[in-house]
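Reproduced below: structure-v6.txt, with compact mmCIF, C-alpha atoms.
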# COMPACT_ATOMS: atom_id res chain seq x y z
CA MET N 225 158.56 36.61 75.12
CA PHE N 226 160.33 34.45 72.55
CA ASP N 227 159.37 34.29 68.90
CA ILE N 228 159.03 30.52 68.69
CA LEU N 229 155.48 30.97 67.40
CA PRO N 230 154.94 33.97 65.09
CA PRO N 231 151.55 35.75 65.26
CA ALA N 232 150.44 34.35 61.89
CA ARG N 233 151.06 30.79 63.09
CA ILE N 234 149.24 31.46 66.34
CA GLN N 235 146.21 32.72 64.43
CA GLU N 236 146.21 29.58 62.28
CA LEU N 237 146.25 27.42 65.41
CA ILE N 238 143.45 29.46 66.98
CA GLN N 239 141.34 28.98 63.86
CA ALA N 240 141.98 25.24 63.93
CA TYR N 241 141.80 24.44 67.64
CA GLY N 242 140.09 27.38 69.28
CA LEU N 243 140.90 28.93 72.64
CA TRP N 244 142.68 25.80 73.87
CA VAL N 245 145.72 27.09 72.02
CA LEU N 246 145.58 30.40 73.87
CA PHE N 247 145.20 28.62 77.21
CA ALA N 248 148.15 26.31 76.54
CA VAL N 249 150.53 29.02 75.31
CA VAL N 250 149.77 31.44 78.15
CA MET N 251 149.97 28.69 80.77
CA PHE N 252 153.29 27.37 79.46
CA GLU N 253 154.82 30.85 79.42
CA SER N 254 153.64 31.44 82.98
CA MET N 255 155.38 28.21 83.99
CA GLY N 256 158.67 29.49 82.54
CA ILE N 257 158.59 27.74 79.16
CA PRO N 258 159.77 30.03 76.32
CA VAL N 259 156.57 30.54 74.34
CA PRO N 260 154.98 33.92 73.45
CA GLY N 261 151.99 34.09 75.78
CA GLU N 262 151.38 37.80 75.42
CA THR N 263 151.65 37.57 71.64
CA ALA N 264 149.09 34.77 71.71
CA LEU N 265 146.68 36.91 73.76
CA VAL N 266 147.05 39.96 71.52
CA THR N 267 146.81 37.90 68.32
CA THR N 268 143.69 36.10 69.55
CA ALA N 269 142.06 39.36 70.64
CA LEU N 270 142.87 41.01 67.30
CA TYR N 271 141.38 38.00 65.52
CA ALA N 272 138.26 38.26 67.68
CA GLY N 273 137.90 41.99 67.04
CA SER N 274 138.41 41.80 63.30
CA THR N 275 136.33 38.68 62.55
CA HIS N 276 133.88 38.33 65.49
CA ARG N 277 134.16 34.57 65.19
CA ILE N 278 134.97 34.41 68.90
CA GLY N 279 133.98 36.78 71.69
CA ILE N 280 136.40 38.90 73.68
CA VAL N 281 134.94 37.83 77.04
CA PRO N 282 135.93 34.15 76.56
CA VAL N 283 139.35 35.29 75.34
CA ILE N 284 139.94 37.34 78.50
CA ILE N 285 138.62 34.59 80.80
CA VAL N 286 140.76 31.91 79.16
CA ALA N 287 143.91 34.07 79.22
CA ALA N 288 143.43 35.04 82.88
CA ALA N 289 142.72 31.43 83.92
CA ALA N 290 145.76 30.19 82.02
CA ALA N 291 147.98 32.87 83.59
CA VAL N 292 146.86 32.00 87.12
CA SER N 293 147.13 28.24 86.50
CA GLY N 294 150.59 28.47 84.97
CA ASP N 295 151.89 30.79 87.67
CA ASN N 296 150.70 28.45 90.41
CA ILE N 297 152.53 25.56 88.73
CA GLY N 298 155.60 27.78 88.54
CA TYR N 299 155.22 28.62 92.23
CA VAL N 300 155.16 24.91 93.12
CA ILE N 301 158.26 24.31 90.99
CA GLY N 302 160.08 27.17 92.67
CA ARG N 303 158.95 26.07 96.12
CA SER N 304 160.13 22.48 95.64
CA ILE N 305 163.27 22.94 93.56
CA GLY N 306 164.26 26.54 94.25
CA LEU N 307 166.79 28.68 92.51
CA ARG N 308 169.20 25.83 91.82
CA LEU N 309 167.27 24.84 88.72
CA LEU N 310 167.33 28.39 87.36
CA GLU N 311 171.01 28.85 88.14
CA ARG N 312 171.91 25.64 86.35
CA TYR N 313 169.66 25.76 83.30
CA GLY N 314 168.54 29.38 83.03
CA ARG N 315 171.04 30.17 80.27
CA TYR N 316 169.16 27.85 77.92
CA ILE N 317 166.05 30.04 78.13
CA ARG N 318 167.88 33.37 78.09
CA LEU N 319 167.73 33.79 81.86
CA ASN N 320 171.32 34.91 82.36
CA GLU N 321 172.98 35.74 85.66
CA ALA N 322 172.13 39.43 85.42
CA ARG N 323 168.45 38.73 84.85
CA LEU N 324 168.39 36.19 87.65
CA ARG N 325 169.93 38.72 90.05
CA LEU N 326 167.43 41.30 88.89
CA GLY N 327 164.50 38.97 89.54
CA GLN N 328 165.80 38.06 92.99
CA TYR N 329 166.45 41.68 93.90
CA LEU N 330 163.07 42.96 92.75
CA PHE N 331 161.19 40.09 94.35
CA LEU N 332 162.94 40.34 97.71
CA ARG N 333 162.51 44.10 97.79
CA HIS N 334 158.93 44.36 96.62
CA GLY N 335 157.25 40.97 97.12
CA GLY N 336 153.65 41.02 95.99
CA LYS N 337 154.15 44.03 93.73
CA ILE N 338 156.54 41.98 91.60
CA VAL N 339 154.00 39.18 91.28
CA PHE N 340 151.37 41.70 90.15
CA PHE N 341 153.41 43.98 87.90
CA GLY N 342 155.68 41.15 86.72
CA ARG N 343 152.76 39.99 84.61
CA PHE N 344 153.36 43.05 82.40
CA VAL N 345 157.16 42.64 82.01
CA ALA N 346 158.45 40.02 79.57
CA PHE N 347 160.94 37.89 81.48
CA LEU N 348 159.34 38.47 84.90
CA ARG N 349 156.05 37.23 83.49
CA ALA N 350 157.67 33.83 83.07
CA PHE N 351 159.83 33.66 86.21
CA ALA N 352 158.19 35.75 88.95
CA ALA N 353 156.11 32.78 90.10
CA VAL N 354 159.15 30.50 90.30
CA LEU N 355 161.01 33.14 92.30
CA ALA N 356 158.01 33.58 94.58
CA GLY N 357 158.02 29.88 95.38
CA ALA N 358 161.79 29.73 95.76
CA ASN N 359 161.72 32.65 98.21
CA ARG N 360 158.93 31.04 100.25
CA MET N 361 156.30 33.71 99.63
CA ARG N 362 153.05 32.86 101.42
CA TRP N 363 150.87 31.00 98.94
CA LEU N 364 147.61 32.81 99.76
CA TYR N 365 149.23 36.23 99.31
CA PHE N 366 150.87 35.03 96.12
CA LEU N 367 147.55 33.68 94.83
CA ILE N 368 145.75 36.99 95.47
CA MET N 369 148.41 39.15 93.79
CA ASN N 370 148.83 36.65 90.98
CA ALA N 371 145.10 36.52 90.26
CA LEU N 372 144.82 40.32 90.27
CA GLY N 373 147.79 40.64 87.93
CA GLY N 374 146.53 37.94 85.55
CA ILE N 375 143.04 39.43 85.33
CA CYS N 376 144.29 43.00 84.79
CA TRP N 377 146.80 41.82 82.17
CA ALA N 378 144.17 39.86 80.26
CA VAL N 379 141.68 42.75 80.35
CA LEU N 380 144.17 45.46 79.35
CA PHE N 381 146.02 43.60 76.61
CA GLY N 382 143.13 41.50 75.38
CA GLY N 383 140.56 44.29 75.55
CA GLY N 384 142.91 46.82 73.97
CA ALA N 385 143.84 44.52 71.10
CA TYR N 386 140.17 43.64 70.57
CA LEU N 387 139.18 47.30 70.26
CA PHE N 388 142.07 47.87 67.87
CA GLY N 389 140.97 44.88 65.81
CA GLU N 390 137.43 46.26 65.68
CA THR N 391 138.81 49.55 64.39
CA ILE N 392 140.75 47.77 61.65
CA ARG N 393 137.60 45.95 60.60
CA GLN N 394 135.56 49.16 60.37
CA VAL N 395 138.16 51.54 58.96
CA ALA N 396 139.42 50.81 55.46
CA GLY N 397 142.06 52.24 53.17
CA PRO N 398 144.90 54.53 54.24
CA ILE N 399 143.42 55.26 57.68
CA GLY N 400 143.57 51.60 58.60
CA LEU N 401 147.13 51.42 57.34
CA LEU N 402 148.12 54.46 59.42
CA LEU N 403 146.57 52.89 62.53
CA LEU N 404 148.50 49.71 61.93
CA MET N 405 151.76 51.63 61.47
CA ALA N 406 151.09 53.60 64.66
CA ALA N 407 150.53 50.40 66.62
CA ILE N 408 153.77 48.90 65.31
CA GLY N 409 155.62 52.09 66.22
CA LEU N 410 154.22 52.04 69.75
CA ALA N 411 155.19 48.39 70.14
CA VAL N 412 158.77 49.09 69.01
CA ALA N 413 159.00 52.09 71.36
CA GLY N 414 157.76 49.91 74.24
CA VAL N 415 160.38 47.24 73.57
CA ILE N 416 163.15 49.84 73.46
CA PHE N 417 161.94 51.45 76.67
CA PHE N 418 161.77 48.19 78.63
CA ARG N 419 165.15 47.05 77.37
CA ARG N 420 166.75 50.28 78.53
CA HIS N 421 164.90 50.11 81.84
CA GLU N 422 165.89 46.47 82.26
CA LYS N 423 169.58 47.31 81.93
CA GLU N 424 169.36 50.02 84.60
CA LEU N 425 167.56 47.67 86.94
CA GLU N 426 170.15 44.94 86.37
CA GLU N 427 172.94 47.32 87.39
CA GLN N 428 171.00 48.47 90.43
CA ALA N 429 170.27 44.88 91.43
CA SER N 430 173.90 43.84 91.08
CA SER N 431 175.11 46.69 93.29
CA ALA N 432 172.44 46.12 95.93
CA LEU N 433 173.02 42.36 96.15
CA GLN N 434 176.79 42.81 96.38
CA ALA N 435 176.33 45.34 99.17
CA SER N 436 173.98 42.94 100.95
CA ARG N 437 176.52 40.10 100.76
CA SER N 438 179.31 42.38 101.99
CA SER N 439 177.33 43.46 105.03
CA ALA N 440 176.25 39.93 105.92
CA PRO N 441 178.03 38.44 108.99

Could I get this file's structure written as structure tokens?
Amino acid sequence: MFDILPPARIQELIQAYGLWVLFAVVMFESMGIPVPGETALVTTALYAGSTHRIGIVPVIIVAAAAAVSGDNIGYVIGRSIGLRLLERYGRYIRLNEARLRLGQYLFLRHGGKIVFFGRFVAFLRAFAAVLAGANRMRWLYFLIMNALGGICWAVLFGGGAYLFGETIRQVAGPIGLLLLMAAIGLAVAGVIFFRRHEKELEEQASSALQASRSSAP
């Protein structure tokens, strides 16, 4: 989400301290702290696929467990403190008013779907759990959707990066370079797509919330 830890640094920490680094980074991001949890997962899985010094199954299990743990802490924070904390300090972690409105709108409209699919969208991955708690979502329902989202996210991103890392290890020369360039291109295209989609959703959320306030007695 935020480039506080570049991939190369994450890999160095993984080599030195093992999967505890992956657990900590993913958990902190899920709590709302600006660290790159998804980058940590992908970097660790690439390292596993290219070196085979760690297995992909432990990587996926650790990432999923960290995601669920961090989200549940975020849920408790949101349940006890609510939106006031985000409204007051959100600007320091790039959670501006438009993004806050977007999160509220999407959560109130779609509930459990946001908890599940929010795991795959950068800023919602960090704040969906807090919003779930702040909006008094039932904990058991939250836990189920959160666990499903965390497991699917870890399998898709971790497993995909692992297979890509295995390909890099086996394919040498210009083919490997082309694969790497293609992956970078896809990543850039994904960032552009989500940024454009985010802006449209922010405008839709703003209009819907204003209409809701206008119609309120």

Taking all atoms listed in the file into account, name the residue in N:Ala264, N:Ile301, N:Ile278, N:Ile257 that is nearest to Gly242 (chain N).
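Counting all atoms listed in the file, the residue closest to Gly242 (chain N) is N:Ile278.
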
Check the smallest atom-to-atom distance from each of N:Trp244, N:Arg360, N:Ile375, N:Ala291 to Gly261 (chain N) using only C-alpha atoms, then report the winner.
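Under the stated criterion, the closest residue is N:Ala291.
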
When you draw a straight line from CA of Val286 (chain N) to CA of Ala371 (chain N), how long is it in Å?
12.8 Å

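Here CA of Leu367 (chain N) is placed at a distance of 24.9 Å from CA of Glu311 (chain N).
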
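If you look at CA of Asn359 (chain N) and CA of Ile305 (chain N), they are 10.9 Å away from each other.
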
Of the candidates N:Tyr386, N:Thr267, N:Arg349, N:Gly357, which one gets nearest to Glu236 (chain N) if we count only C-alpha atoms?
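Checking each candidate against Glu236 (chain N), we get N:Thr267 as the closest.
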
Region 248-253 of chain N environment, 10 Å, all atoms listed in the file, sequence neighbours closer than 6 positions dropped, as a list in words
Met225, Phe226, Leu229, Ile234, Val259, Pro260, Gly261, Glu262, Thr263, Ala264, Leu265, Val286, Ala287, Ala288, Ala289, Ala290, Ala291, Val292, Ser293, Gly294, Asp295, Asn296, Ile297, Gly298, Ala346, Phe347, Arg349, Ala350 and Phe351 of chain N

Counting only C-alpha atoms, the residue among N:Leu364, N:Ala269, N:Leu246, N:Ser254 that lies closest to Gly342 (chain N) is N:Ser254

Counting only C-alpha atoms, figure out which residue out of N:Ala352, N:Met369, N:Leu237, N:Ala378 gets nearest to Phe340 (chain N).
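Answer, going by the shortest atom-to-atom distance: N:Met369.
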
Could I get region 350-381 of chain N rebuilt with N, CA and C atoms, written as a PDB file, in the frame of the given file?
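Resulting contents of rebuild-v4.pdb:
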ATOM      1  N   ALA N 350     157.407  35.257  83.085  1.00  0.00           N
ATOM      2  CA  ALA N 350     157.670  33.830  83.070  1.00  0.00           C
ATOM      3  C   ALA N 350     158.279  33.328  84.376  1.00  0.00           C
ATOM      4  N   PHE N 351     159.035  34.171  85.094  1.00  0.00           N
ATOM      5  CA  PHE N 351     159.830  33.660  86.210  1.00  0.00           C
ATOM      6  C   PHE N 351     159.465  34.220  87.577  1.00  0.00           C
ATOM      7  N   ALA N 352     158.561  35.196  87.648  1.00  0.00           N
ATOM      8  CA  ALA N 352     158.190  35.750  88.950  1.00  0.00           C
ATOM      9  C   ALA N 352     157.569  34.695  89.853  1.00  0.00           C
ATOM     10  N   ALA N 353     156.762  33.813  89.286  1.00  0.00           N
ATOM     11  CA  ALA N 353     156.110  32.780  90.100  1.00  0.00           C
ATOM     12  C   ALA N 353     157.122  31.796  90.658  1.00  0.00           C
ATOM     13  N   VAL N 354     158.103  31.412  89.825  1.00  0.00           N
ATOM     14  CA  VAL N 354     159.150  30.500  90.300  1.00  0.00           C
ATOM     15  C   VAL N 354     159.943  31.151  91.423  1.00  0.00           C
ATOM     16  N   LEU N 355     160.280  32.430  91.260  1.00  0.00           N
ATOM     17  CA  LEU N 355     161.010  33.140  92.300  1.00  0.00           C
ATOM     18  C   LEU N 355     160.182  33.287  93.564  1.00  0.00           C
ATOM     19  N   ALA N 356     158.876  33.487  93.408  1.00  0.00           N
ATOM     20  CA  ALA N 356     158.010  33.580  94.580  1.00  0.00           C
ATOM     21  C   ALA N 356     158.036  32.286  95.380  1.00  0.00           C
ATOM     22  N   GLY N 357     157.953  31.163  94.691  1.00  0.00           N
ATOM     23  CA  GLY N 357     158.020  29.880  95.380  1.00  0.00           C
ATOM     24  C   GLY N 357     159.381  29.631  95.997  1.00  0.00           C
ATOM     25  N   ALA N 358     160.435  29.970  95.259  1.00  0.00           N
ATOM     26  CA  ALA N 358     161.790  29.730  95.760  1.00  0.00           C
ATOM     27  C   ALA N 358     162.082  30.574  96.990  1.00  0.00           C
ATOM     28  N   ASN N 359     161.497  31.761  97.076  1.00  0.00           N
ATOM     29  CA  ASN N 359     161.720  32.650  98.210  1.00  0.00           C
ATOM     30  C   ASN N 359     160.664  32.493  99.310  1.00  0.00           C
ATOM     31  N   ARG N 360     159.885  31.427  99.214  1.00  0.00           N
ATOM     32  CA  ARG N 360     158.930  31.040 100.250  1.00  0.00           C
ATOM     33  C   ARG N 360     157.875  32.120 100.534  1.00  0.00           C
ATOM     34  N   MET N 361     157.407  32.760  99.473  1.00  0.00           N
ATOM     35  CA  MET N 361     156.300  33.710  99.630  1.00  0.00           C
ATOM     36  C   MET N 361     155.058  32.937 100.066  1.00  0.00           C
ATOM     37  N   ARG N 362     154.284  33.521 100.963  1.00  0.00           N
ATOM     38  CA  ARG N 362     153.050  32.860 101.420  1.00  0.00           C
ATOM     39  C   ARG N 362     152.133  32.622 100.232  1.00  0.00           C
ATOM     40  N   TRP N 363     151.627  31.383 100.132  1.00  0.00           N
ATOM     41  CA  TRP N 363     150.870  31.000  98.940  1.00  0.00           C
ATOM     42  C   TRP N 363     149.598  31.828  98.783  1.00  0.00           C
ATOM     43  N   LEU N 364     148.868  32.082  99.881  1.00  0.00           N
ATOM     44  CA  LEU N 364     147.610  32.810  99.760  1.00  0.00           C
ATOM     45  C   LEU N 364     147.861  34.232  99.249  1.00  0.00           C
ATOM     46  N   TYR N 365     148.893  34.879  99.775  1.00  0.00           N
ATOM     47  CA  TYR N 365     149.230  36.230  99.310  1.00  0.00           C
ATOM     48  C   TYR N 365     149.661  36.193  97.847  1.00  0.00           C
ATOM     49  N   PHE N 366     150.461  35.195  97.518  1.00  0.00           N
ATOM     50  CA  PHE N 366     150.870  35.030  96.120  1.00  0.00           C
ATOM     51  C   PHE N 366     149.651  34.829  95.222  1.00  0.00           C
ATOM     52  N   LEU N 367     148.731  33.978  95.642  1.00  0.00           N
ATOM     53  CA  LEU N 367     147.550  33.680  94.830  1.00  0.00           C
ATOM     54  C   LEU N 367     146.725  34.937  94.578  1.00  0.00           C
ATOM     55  N   ILE N 368     146.543  35.770  95.611  1.00  0.00           N
ATOM     56  CA  ILE N 368     145.750  36.990  95.470  1.00  0.00           C
ATOM     57  C   ILE N 368     146.408  37.949  94.470  1.00  0.00           C
ATOM     58  N   MET N 369     147.707  38.218  94.666  1.00  0.00           N
ATOM     59  CA  MET N 369     148.410  39.150  93.790  1.00  0.00           C
ATOM     60  C   MET N 369     148.535  38.598  92.378  1.00  0.00           C
ATOM     61  N   ASN N 370     148.732  37.298  92.282  1.00  0.00           N
ATOM     62  CA  ASN N 370     148.830  36.650  90.980  1.00  0.00           C
ATOM     63  C   ASN N 370     147.511  36.731  90.212  1.00  0.00           C
ATOM     64  N   ALA N 371     146.407  36.466  90.904  1.00  0.00           N
ATOM     65  CA  ALA N 371     145.100  36.520  90.260  1.00  0.00           C
ATOM     66  C   ALA N 371     144.772  37.946  89.799  1.00  0.00           C
ATOM     67  N   LEU N 372     145.069  38.924  90.653  1.00  0.00           N
ATOM     68  CA  LEU N 372     144.820  40.320  90.270  1.00  0.00           C
ATOM     69  C   LEU N 372     145.644  40.699  89.054  1.00  0.00           C
ATOM     70  N   GLY N 373     146.922  40.317  89.061  1.00  0.00           N
ATOM     71  CA  GLY N 373     147.790  40.640  87.930  1.00  0.00           C
ATOM     72  C   GLY N 373     147.333  39.959  86.650  1.00  0.00           C
ATOM     73  N   GLY N 374     146.971  38.675  86.733  1.00  0.00           N
ATOM     74  CA  GLY N 374     146.530  37.940  85.550  1.00  0.00           C
ATOM     75  C   GLY N 374     145.258  38.499  84.954  1.00  0.00           C
ATOM     76  N   ILE N 375     144.314  38.881  85.815  1.00  0.00           N
ATOM     77  CA  ILE N 375     143.040  39.430  85.330  1.00  0.00           C
ATOM     78  C   ILE N 375     143.270  40.789  84.674  1.00  0.00           C
ATOM     79  N   CYS N 376     144.027  41.666  85.341  1.00  0.00           N
ATOM     80  CA  CYS N 376     144.290  43.000  84.790  1.00  0.00           C
ATOM     81  C   CYS N 376     145.045  42.902  83.464  1.00  0.00           C
ATOM     82  N   TRP N 377     146.025  42.013  83.401  1.00  0.00           N
ATOM     83  CA  TRP N 377     146.800  41.820  82.170  1.00  0.00           C
ATOM     84  C   TRP N 377     145.901  41.359  81.028  1.00  0.00           C
ATOM     85  N   ALA N 378     145.051  40.389  81.300  1.00  0.00           N
ATOM     86  CA  ALA N 378     144.170  39.860  80.260  1.00  0.00           C
ATOM     87  C   ALA N 378     143.180  40.925  79.779  1.00  0.00           C
ATOM     88  N   VAL N 379     142.644  41.709  80.720  1.00  0.00           N
ATOM     89  CA  VAL N 379     141.680  42.750  80.350  1.00  0.00           C
ATOM     90  C   VAL N 379     142.347  43.857  79.544  1.00  0.00           C
ATOM     91  N   LEU N 380     143.507  44.333  80.013  1.00  0.00           N
ATOM     92  CA  LEU N 380     144.170  45.460  79.350  1.00  0.00           C
ATOM     93  C   LEU N 380     144.685  45.082  77.965  1.00  0.00           C
ATOM     94  N   PHE N 381     145.443  43.978  77.888  1.00  0.00           N
ATOM     95  CA  PHE N 381     146.020  43.600  76.610  1.00  0.00           C
ATOM     96  C   PHE N 381     144.991  42.982  75.677  1.00  0.00           C
TER      97      PHE N 381
END
